[in-house]
>>> print(open('run31.pdb').read())   # PDB, C-alpha atoms
ATOM      1  CA  SER Q 591       0.000   0.000   0.000  1.00  0.00           C
ATOM      2  CA  TYR Q 592       2.846   2.403   0.780  1.00  0.00           C
ATOM      3  CA  HIS Q 593       4.503   1.445  -2.500  1.00  0.00           C
ATOM      4  CA  TRP Q 594       1.182   2.127  -4.252  1.00  0.00           C
ATOM      5  CA  LEU Q 595       1.004   5.560  -2.586  1.00  0.00           C
ATOM      6  CA  ARG Q 596       4.548   6.447  -3.639  1.00  0.00           C
ATOM      7  CA  ASP Q 597       3.747   5.482  -7.236  1.00  0.00           C
ATOM      8  CA  TYR Q 598       0.400   7.314  -7.125  1.00  0.00           C
ATOM      9  CA  LEU Q 599       2.115  10.489  -5.930  1.00  0.00           C
ATOM     10  CA  ARG Q 600       4.600  10.220  -8.793  1.00  0.00           C
ATOM     11  CA  SER Q 601       2.183   9.385 -11.585  1.00  0.00           C
ATOM     12  CA  GLU Q 602      -0.905  11.373 -10.592  1.00  0.00           C
ATOM     13  CA  LEU Q 603       0.478  14.356  -8.668  1.00  0.00           C
ATOM     14  CA  ASP Q 604       4.045  14.555 -10.057  1.00  0.00           C
ATOM     15  CA  ILE Q 605       5.421  14.434  -6.495  1.00  0.00           C
ATOM     16  CA  HIS Q 606       8.628  12.420  -6.241  1.00  0.00           C
ATOM     17  CA  LEU Q 607       9.308  11.297  -2.678  1.00  0.00           C
ATOM     18  CA  ASN Q 608      11.009   8.298  -1.146  1.00  0.00           C
ATOM     19  CA  TYR Q 609       9.560   6.406   1.816  1.00  0.00           C
ATOM     20  CA  GLN Q 610      11.636   8.310   4.373  1.00  0.00           C
ATOM     21  CA  GLN Q 611      10.384  11.641   3.023  1.00  0.00           C
ATOM     22  CA  MET Q 612       6.804  10.358   3.128  1.00  0.00           C
ATOM     23  CA  ASP Q 613       7.370   9.297   6.759  1.00  0.00           C
ATOM     24  CA  GLU Q 614       8.680  12.762   7.637  1.00  0.00           C
ATOM     25  CA  LEU Q 615       5.536  14.351   6.201  1.00  0.00           C
ATOM     26  CA  ALA Q 616       3.318  11.873   8.091  1.00  0.00           C
ATOM     27  CA  LEU Q 617       5.071  12.402  11.430  1.00  0.00           C
ATOM     28  CA  PRO Q 618       3.329  15.658  12.481  1.00  0.00           C
ATOM     29  CA  VAL Q 619      -0.114  14.458  11.333  1.00  0.00           C
ATOM     30  CA  PRO Q 620      -2.228  13.378  14.334  1.00  0.00           C
ATOM     31  CA  PRO Q 621      -3.847   9.944  14.668  1.00  0.00           C
ATOM     32  CA  GLY Q 622      -6.828   9.709  12.355  1.00  0.00           C
ATOM     33  CA  ALA Q 623      -5.132  11.908   9.710  1.00  0.00           C
ATOM     34  CA  TYR Q 624      -7.749  14.624  10.216  1.00  0.00           C
ATOM     35  CA  GLY Q 625     -10.459  12.224   9.095  1.00  0.00           C
ATOM     36  CA  LEU Q 626      -8.770  10.966   5.923  1.00  0.00           C
ATOM     37  CA  GLN Q 627      -8.858   7.180   5.918  1.00  0.00           C
ATOM     38  CA  PHE Q 628      -7.449   4.484   3.669  1.00  0.00           C
ATOM     39  CA  CYS Q 629      -8.819   1.055   2.913  1.00  0.00           C
ATOM     40  CA  THR Q 630      -6.409  -1.566   1.585  1.00  0.00           C
ATOM     41  CA  GLY Q 631      -9.138  -3.268  -0.449  1.00  0.00           C
ATOM     42  CA  PRO Q 632     -10.903  -6.616  -0.594  1.00  0.00           C
ATOM     43  CA  THR Q 633     -10.387  -9.211   2.107  1.00  0.00           C
ATOM     44  CA  ARG Q 634     -11.563 -12.774   2.523  1.00  0.00           C
ATOM     45  CA  GLN Q 635     -14.150 -11.514   4.987  1.00  0.00           C
ATOM     46  CA  ASP Q 636     -15.369  -8.793   2.609  1.00  0.00           C
ATOM     47  CA  PRO Q 637     -14.377  -9.377  -1.020  1.00  0.00           C
ATOM     48  CA  ARG Q 638     -16.472  -6.352  -2.095  1.00  0.00           C
ATOM     49  CA  ARG Q 639     -14.549  -3.900   0.083  1.00  0.00           C
ATOM     50  CA  LYS Q 640     -13.245  -1.001  -1.994  1.00  0.00           C
ATOM     51  CA  SER Q 641      -9.655   0.181  -1.835  1.00  0.00           C
ATOM     52  CA  GLY Q 642      -8.626   3.788  -1.645  1.00  0.00           C
ATOM     53  CA  PHE Q 643      -9.156   6.909   0.381  1.00  0.00           C
ATOM     54  CA  TYR Q 644     -12.431   7.846   2.033  1.00  0.00           C
ATOM     55  CA  GLY Q 645     -13.645   9.904   4.972  1.00  0.00           C
ATOM     56  CA  ASP Q 646     -12.634  13.568   4.902  1.00  0.00           C
ATOM     57  CA  LEU Q 647     -11.425  13.791   1.308  1.00  0.00           C
ATOM     58  CA  THR Q 648     -10.552  17.482   1.679  1.00  0.00           C
ATOM     59  CA  ARG Q 649      -7.185  16.169   2.927  1.00  0.00           C
ATOM     60  CA  SER Q 650      -6.673  13.828  -0.047  1.00  0.00           C
ATOM     61  CA  GLN Q 651      -4.043  16.122  -1.588  1.00  0.00           C
ATOM     62  CA  ASP Q 652      -2.080  16.479   1.664  1.00  0.00           C
ATOM     63  CA  VAL Q 653       0.817  14.032   1.280  1.00  0.00           C
ATOM     64  CA  GLY Q 654       1.433  13.774   5.032  1.00  0.00           C
ATOM     65  CA  CYS Q 655      -2.229  12.941   5.680  1.00  0.00           C
ATOM     66  CA  MET Q 656      -2.253  10.456   2.825  1.00  0.00           C
ATOM     67  CA  ALA Q 657       0.900   8.744   4.104  1.00  0.00           C
ATOM     68  CA  ARG Q 658      -0.426   8.508   7.655  1.00  0.00           C
ATOM     69  CA  ALA Q 659      -3.843   7.296   6.451  1.00  0.00           C
ATOM     70  CA  VAL Q 660      -2.195   4.510   4.427  1.00  0.00           C
ATOM     71  CA  MET Q 661      -0.088   3.429   7.416  1.00  0.00           C
ATOM     72  CA  GLU Q 662      -3.143   3.443   9.664  1.00  0.00           C
ATOM     73  CA  GLY Q 663      -5.204   1.526   7.099  1.00  0.00           C
ATOM     74  CA  VAL Q 664      -2.595  -1.224   6.752  1.00  0.00           C
ATOM     75  CA  LEU Q 665      -2.108  -1.516  10.511  1.00  0.00           C
ATOM     76  CA  THR Q 666      -5.854  -1.523  11.084  1.00  0.00           C
ATOM     77  CA  ASP Q 667      -6.164  -4.570   8.860  1.00  0.00           C
ATOM     78  CA  LEU Q 668      -3.473  -6.274  10.950  1.00  0.00           C
ATOM     79  CA  TYR Q 669      -5.186  -5.193  14.153  1.00  0.00           C
ATOM     80  CA  GLU Q 670      -8.516  -6.580  12.943  1.00  0.00           C
ATOM     81  CA  TYR Q 671      -6.898  -9.987  12.292  1.00  0.00           C
ATOM     82  CA  TYR Q 672      -5.120  -9.774  15.634  1.00  0.00           C
ATOM     83  CA  GLN Q 673      -8.504  -9.286  17.334  1.00  0.00           C
ATOM     84  CA  GLN Q 674     -10.035 -12.201  15.411  1.00  0.00           C
ATOM     85  CA  LEU Q 675      -7.202 -14.463  16.531  1.00  0.00           C
ATOM     86  CA  GLY Q 676      -7.874 -13.605  20.154  1.00  0.00           C
ATOM     87  CA  ALA Q 677      -5.723 -10.624  21.046  1.00  0.00           C
ATOM     88  CA  SER Q 678      -2.630 -11.483  23.033  1.00  0.00           C
ATOM     89  CA  LYS Q 679      -2.636 -10.920  26.746  1.00  0.00           C
ATOM     90  CA  HIS Q 680       1.101 -10.142  26.608  1.00  0.00           C
ATOM     91  CA  ASP Q 681       2.227  -6.589  27.296  1.00  0.00           C
ATOM     92  CA  VAL Q 682       4.842  -6.611  24.540  1.00  0.00           C
ATOM     93  CA  MET Q 683       4.692  -7.312  20.825  1.00  0.00           C
ATOM     94  CA  VAL Q 684       7.634  -8.012  18.544  1.00  0.00           C
ATOM     95  CA  GLY Q 685       7.517  -6.536  15.084  1.00  0.00           C
ATOM     96  CA  ALA Q 686       9.597  -7.207  12.027  1.00  0.00           C
ATOM     97  CA  GLY Q 687       9.536  -6.532   8.345  1.00  0.00           C
ATOM     98  CA  ASN Q 688      10.492  -3.664   6.111  1.00  0.00           C
ATOM     99  CA  GLY Q 689       7.687  -1.311   7.143  1.00  0.00           C
ATOM    100  CA  LEU Q 690       8.331  -1.468  10.865  1.00  0.00           C
ATOM    101  CA  GLY Q 691      12.067  -2.018  10.531  1.00  0.00           C
ATOM    102  CA  ASN Q 692      12.604   1.009   8.323  1.00  0.00           C
ATOM    103  CA  SER Q 693      10.084   3.466   9.714  1.00  0.00           C
ATOM    104  CA  ARG Q 694       9.882   4.868  13.203  1.00  0.00           C
ATOM    105  CA  VAL Q 695       6.494   6.367  12.251  1.00  0.00           C
ATOM    106  CA  TRP Q 696       4.982   2.971  11.307  1.00  0.00           C
ATOM    107  CA  SER Q 697       6.426   1.464  14.488  1.00  0.00           C
ATOM    108  CA  GLN Q 698       4.977   4.173  16.731  1.00  0.00           C
ATOM    109  CA  ILE Q 699       1.549   3.934  15.072  1.00  0.00           C
ATOM    110  CA  ALA Q 700       1.649   0.149  15.600  1.00  0.00           C
ATOM    111  CA  ALA Q 701       2.489   0.567  19.297  1.00  0.00           C
ATOM    112  CA  ASP Q 702      -0.307   3.121  19.664  1.00  0.00           C
ATOM    113  CA  MET Q 703      -2.894   1.139  17.720  1.00  0.00           C
ATOM    114  CA  PHE Q 704      -2.209  -2.149  19.489  1.00  0.00           C
ATOM    115  CA  GLY Q 705      -1.778  -0.336  22.817  1.00  0.00           C
ATOM    116  CA  LYS Q 706       1.349  -2.362  23.589  1.00  0.00           C
ATOM    117  CA  LYS Q 707       5.065  -1.855  23.787  1.00  0.00           C
ATOM    118  CA  MET Q 708       6.497  -2.707  20.380  1.00  0.00           C
ATOM    119  CA  LEU Q 709       9.948  -4.225  20.020  1.00  0.00           C
ATOM    120  CA  VAL Q 710      11.147  -3.890  16.436  1.00  0.00           C
ATOM    121  CA  VAL Q 711      14.013  -6.046  15.249  1.00  0.00           C
ATOM    122  CA  ASN Q 712      16.935  -3.949  13.971  1.00  0.00           C
ATOM    123  CA  THR Q 713      18.412  -6.654  11.729  1.00  0.00           C
ATOM    124  CA  GLU Q 714      17.336  -8.807   8.791  1.00  0.00           C
ATOM    125  CA  ASN Q 715      15.146 -10.858  11.061  1.00  0.00           C
ATOM    126  CA  ALA Q 716      14.567 -14.102   9.161  1.00  0.00           C
ATOM    127  CA  VAL Q 717      18.222 -14.745   8.373  1.00  0.00           C
ATOM    128  CA  TYR Q 718      19.472 -13.615  11.768  1.00  0.00           C
ATOM    129  CA  GLY Q 719      16.812 -15.617  13.596  1.00  0.00           C
ATOM    130  CA  ALA Q 720      17.655 -18.747  11.606  1.00  0.00           C
ATOM    131  CA  ALA Q 721      21.351 -18.272  12.383  1.00  0.00           C
ATOM    132  CA  LEU Q 722      20.655 -17.858  16.099  1.00  0.00           C
ATOM    133  CA  PHE Q 723      18.422 -20.931  16.073  1.00  0.00           C
ATOM    134  CA  ALA Q 724      21.141 -22.973  14.339  1.00  0.00           C
ATOM    135  CA  ALA Q 725      23.787 -21.673  16.755  1.00  0.00           C
ATOM    136  CA  SER Q 726      21.636 -22.662  19.721  1.00  0.00           C
ATOM    137  CA  ARG Q 727      21.235 -26.176  18.307  1.00  0.00           C
ATOM    138  CA  LEU Q 728      25.009 -26.381  17.877  1.00  0.00           C
ATOM    139  CA  ASP Q 729      25.377 -25.532  21.574  1.00  0.00           C
ATOM    140  CA  ARG Q 730      26.865 -22.094  20.917  1.00  0.00           C
ATOM    141  CA  PHE Q 731      24.314 -20.766  23.400  1.00  0.00           C
ATOM    142  CA  ARG Q 732      23.036 -22.258  26.642  1.00  0.00           C
ATOM    143  CA  ASP Q 733      19.503 -22.366  25.207  1.00  0.00           C
ATOM    144  CA  LEU Q 734      17.265 -20.694  22.635  1.00  0.00           C
ATOM    145  CA  GLU Q 735      16.322 -17.943  25.087  1.00  0.00           C
ATOM    146  CA  SER Q 736      19.998 -17.022  25.489  1.00  0.00           C
ATOM    147  CA  ALA Q 737      20.331 -16.838  21.709  1.00  0.00           C
ATOM    148  CA  ALA Q 738      17.258 -14.615  21.483  1.00  0.00           C
ATOM    149  CA  GLY Q 739      18.910 -12.289  23.996  1.00  0.00           C
ATOM    150  CA  LYS Q 740      21.392 -11.355  21.244  1.00  0.00           C
ATOM    151  CA  ILE Q 741      18.658  -9.782  19.105  1.00  0.00           C
ATOM    152  CA  ASP Q 742      18.858  -5.991  18.897  1.00  0.00           C
ATOM    153  CA  TYR Q 743      15.499  -4.193  19.197  1.00  0.00           C
ATOM    154  CA  SER Q 744      14.201  -0.654  19.029  1.00  0.00           C
ATOM    155  CA  THR Q 745      11.476  -0.061  21.593  1.00  0.00           C
ATOM    156  CA  PHE Q 746       8.312   1.945  20.989  1.00  0.00           C
ATOM    157  CA  GLU Q 747       6.024   2.672  23.926  1.00  0.00           C
ATOM    158  CA  PRO Q 748       2.355   3.318  23.130  1.00  0.00           C
ATOM    159  CA  ASP Q 749       1.156   6.875  23.581  1.00  0.00           C
ATOM    160  CA  ARG Q 750      -1.992   6.589  25.713  1.00  0.00           C
ATOM    161  CA  GLU Q 751      -3.739   9.530  24.053  1.00  0.00           C
ATOM    162  CA  ASN Q 752      -3.061   8.211  20.547  1.00  0.00           C
ATOM    163  CA  ALA Q 753      -4.141   4.713  21.597  1.00  0.00           C
ATOM    164  CA  ALA Q 754      -7.409   6.168  22.914  1.00  0.00           C
ATOM    165  CA  VAL Q 755      -8.051   7.875  19.565  1.00  0.00           C
ATOM    166  CA  TYR Q 756      -7.535   4.581  17.736  1.00  0.00           C
ATOM    167  CA  ARG Q 757      -9.872   2.731  20.118  1.00  0.00           C
ATOM    168  CA  GLU Q 758     -12.541   5.421  19.853  1.00  0.00           C
ATOM    169  CA  ASN Q 759     -12.439   5.453  16.057  1.00  0.00           C
ATOM    170  CA  SER Q 760     -11.735   1.767  15.452  1.00  0.00           C
ATOM    171  CA  GLN Q 761     -14.978   1.122  13.594  1.00  0.00           C
ATOM    172  CA  ASN Q 762     -14.229   3.986  11.220  1.00  0.00           C
ATOM    173  CA  TYR Q 763     -10.880   2.447  10.339  1.00  0.00           C
ATOM    174  CA  MET Q 764     -12.227  -0.903   9.292  1.00  0.00           C
ATOM    175  CA  GLY Q 765     -12.873   0.118   5.704  1.00  0.00           C
ATOM    176  CA  LYS Q 766     -16.634   0.116   6.025  1.00  0.00           C
ATOM    177  CA  GLN Q 767     -17.106   2.905   3.520  1.00  0.00           C
ATOM    178  CA  THR Q 768     -20.022   2.738   1.138  1.00  0.00           C
TER
END
>>> encode(input="run31.pdb", output="structure tokens")
Amino acid sequence: SYHWLRDYLRSELDIHLNYQQMDELALPVPPGAYGLQFCTGPTRQDPRRKSGFYGDLTRSQDVGCMARAVMEGVLTDLYEYYQQLGASKHDVMVGAGNGLGNSRVWSQIAADMFGKKMLVVNTENAVYGAALFAASRLDRFRDLESAAGKIDYSTFEPDRENAAVYRENSQNYMGKQT
């Protein structure tokens, strides 16, 4: 979705930004992007769900609002699945992947939306994790937990006010536009 937004900005608005620049523009935008929302599109639960921006479309030319709305839309989809799976009772979540690993803004929104401390892996997680697992099996570590202790994380604490905004507006973020 973020890739789509970058390409949309280039092709439709002749705005050429990289992901870091988009993040910088999204940073000062408050949770809810002033009412601009983004839906990632069809899901198995709702194959008729439309993709794109909705809500307060007066902000649909504001790149910072668009960037934040896309981030929130993607994370809302993840949060909805998280809820369906029976939300974790743990106080901490571990995140990985290019979005969270490369963007402090995505990571903070995730911590706020899920209302939990977010630990984001600072390395190529799949390869590093496999290497640590192999090393633990070769007795290079006392146990797998000791190996996991070698993983470097960035920590993002949820902002209570932002988390409250996401809870209050959660139904609006579920892509239930008409």
>>> resolve_selection(input="run31.pdb", expression="the PyMOL selection byres ((chain Q and resi 647-663) around 9)", output="NGL selection string")
:Q and (591-592 or 595-596 or 599 or 603 or 612-630 or 642-646 or 664-668 or 695-696 or 699-700 or 703 or 763-765)
>>> write_last_selection(input="run31.pdb", atoms="C-alpha atoms", output="compact mmCIF listing (two decimals), keeping the file's coordinate frame")
# COMPACT_ATOMS: atom_id res chain seq x y z
CA SER Q 591 0.00 0.00 0.00
CA TYR Q 592 2.85 2.40 0.78
CA LEU Q 595 1.00 5.56 -2.59
CA ARG Q 596 4.55 6.45 -3.64
CA LEU Q 599 2.12 10.49 -5.93
CA LEU Q 603 0.48 14.36 -8.67
CA MET Q 612 6.80 10.36 3.13
CA ASP Q 613 7.37 9.30 6.76
CA GLU Q 614 8.68 12.76 7.64
CA LEU Q 615 5.54 14.35 6.20
CA ALA Q 616 3.32 11.87 8.09
CA LEU Q 617 5.07 12.40 11.43
CA PRO Q 618 3.33 15.66 12.48
CA VAL Q 619 -0.11 14.46 11.33
CA PRO Q 620 -2.23 13.38 14.33
CA PRO Q 621 -3.85 9.94 14.67
CA GLY Q 622 -6.83 9.71 12.36
CA ALA Q 623 -5.13 11.91 9.71
CA TYR Q 624 -7.75 14.62 10.22
CA GLY Q 625 -10.46 12.22 9.10
CA LEU Q 626 -8.77 10.97 5.92
CA GLN Q 627 -8.86 7.18 5.92
CA PHE Q 628 -7.45 4.48 3.67
CA CYS Q 629 -8.82 1.06 2.91
CA THR Q 630 -6.41 -1.57 1.58
CA GLY Q 642 -8.63 3.79 -1.64
CA PHE Q 643 -9.16 6.91 0.38
CA TYR Q 644 -12.43 7.85 2.03
CA GLY Q 645 -13.64 9.90 4.97
CA ASP Q 646 -12.63 13.57 4.90
CA VAL Q 664 -2.60 -1.22 6.75
CA LEU Q 665 -2.11 -1.52 10.51
CA THR Q 666 -5.85 -1.52 11.08
CA ASP Q 667 -6.16 -4.57 8.86
CA LEU Q 668 -3.47 -6.27 10.95
CA VAL Q 695 6.49 6.37 12.25
CA TRP Q 696 4.98 2.97 11.31
CA ILE Q 699 1.55 3.93 15.07
CA ALA Q 700 1.65 0.15 15.60
CA MET Q 703 -2.89 1.14 17.72
CA TYR Q 763 -10.88 2.45 10.34
CA MET Q 764 -12.23 -0.90 9.29
CA GLY Q 765 -12.87 0.12 5.70
>>> closest_residue(input="run31.pdb", among="Q:Gly739, Q:Pro637, Q:Gly719, Q:Gly705", to="Glu751 in chain Q", atoms="only C-alpha atoms")
Q:Gly705
>>> atom_distance(input="run31.pdb", atom1="CA of Arg694 in chain Q", atom2="CA of Asp749 in chain Q")
13.7 Å
>>> atom_distance(input="run31.pdb", atom1="CA of Thr745 in chain Q", atom2="CA of Lys707 in chain Q")
7.0 Å
>>> atom_distance(input="run31.pdb", atom1="CA of Phe746 in chain Q", atom2="CA of Tyr669 in chain Q")
16.7 Å
>>> axis_aligned_box(input="run31.pdb", around="range 624-643 of chain Q", padding_each_side="6 Å", output="JSON")
{"center_x": -11.4, "center_y": 0.9, "center_z": 4.1, "size_x": 22.1, "size_y": 39.4, "size_z": 24.3}
>>> closest_residue(input="run31.pdb", among="Q:Asp597, Q:Glu758, Q:Glu670, Q:Glu735", to="Leu722 in chain Q", atoms="all atoms listed in the file")
Q:Glu735
>>> resolve_selection(input="run31.pdb", expression="the PyMOL selection byres ((chain Q and resi 740-744) around 9)", output="list in words")
Val684, Gly691, Met708, Leu709, Val710, Val711, Asn712, Thr713, Asn715, Tyr718, Gly719, Leu722, Ser736, Ala737, Ala738, Gly739, Thr745 and Phe746 of chain Q
>>> resolve_selection(input="run31.pdb", expression="the PyMOL selection byres ((chain Q and resi 640) around 6)", output="ChimeraX atom specification")
/Q:631,639,641
>>> closest_residue(input="run31.pdb", among="Q:Glu602, Q:Tyr609, Q:Ala754, Q:Ala725", to="Asn692 in chain Q", atoms="all atoms listed in the file")
Q:Tyr609
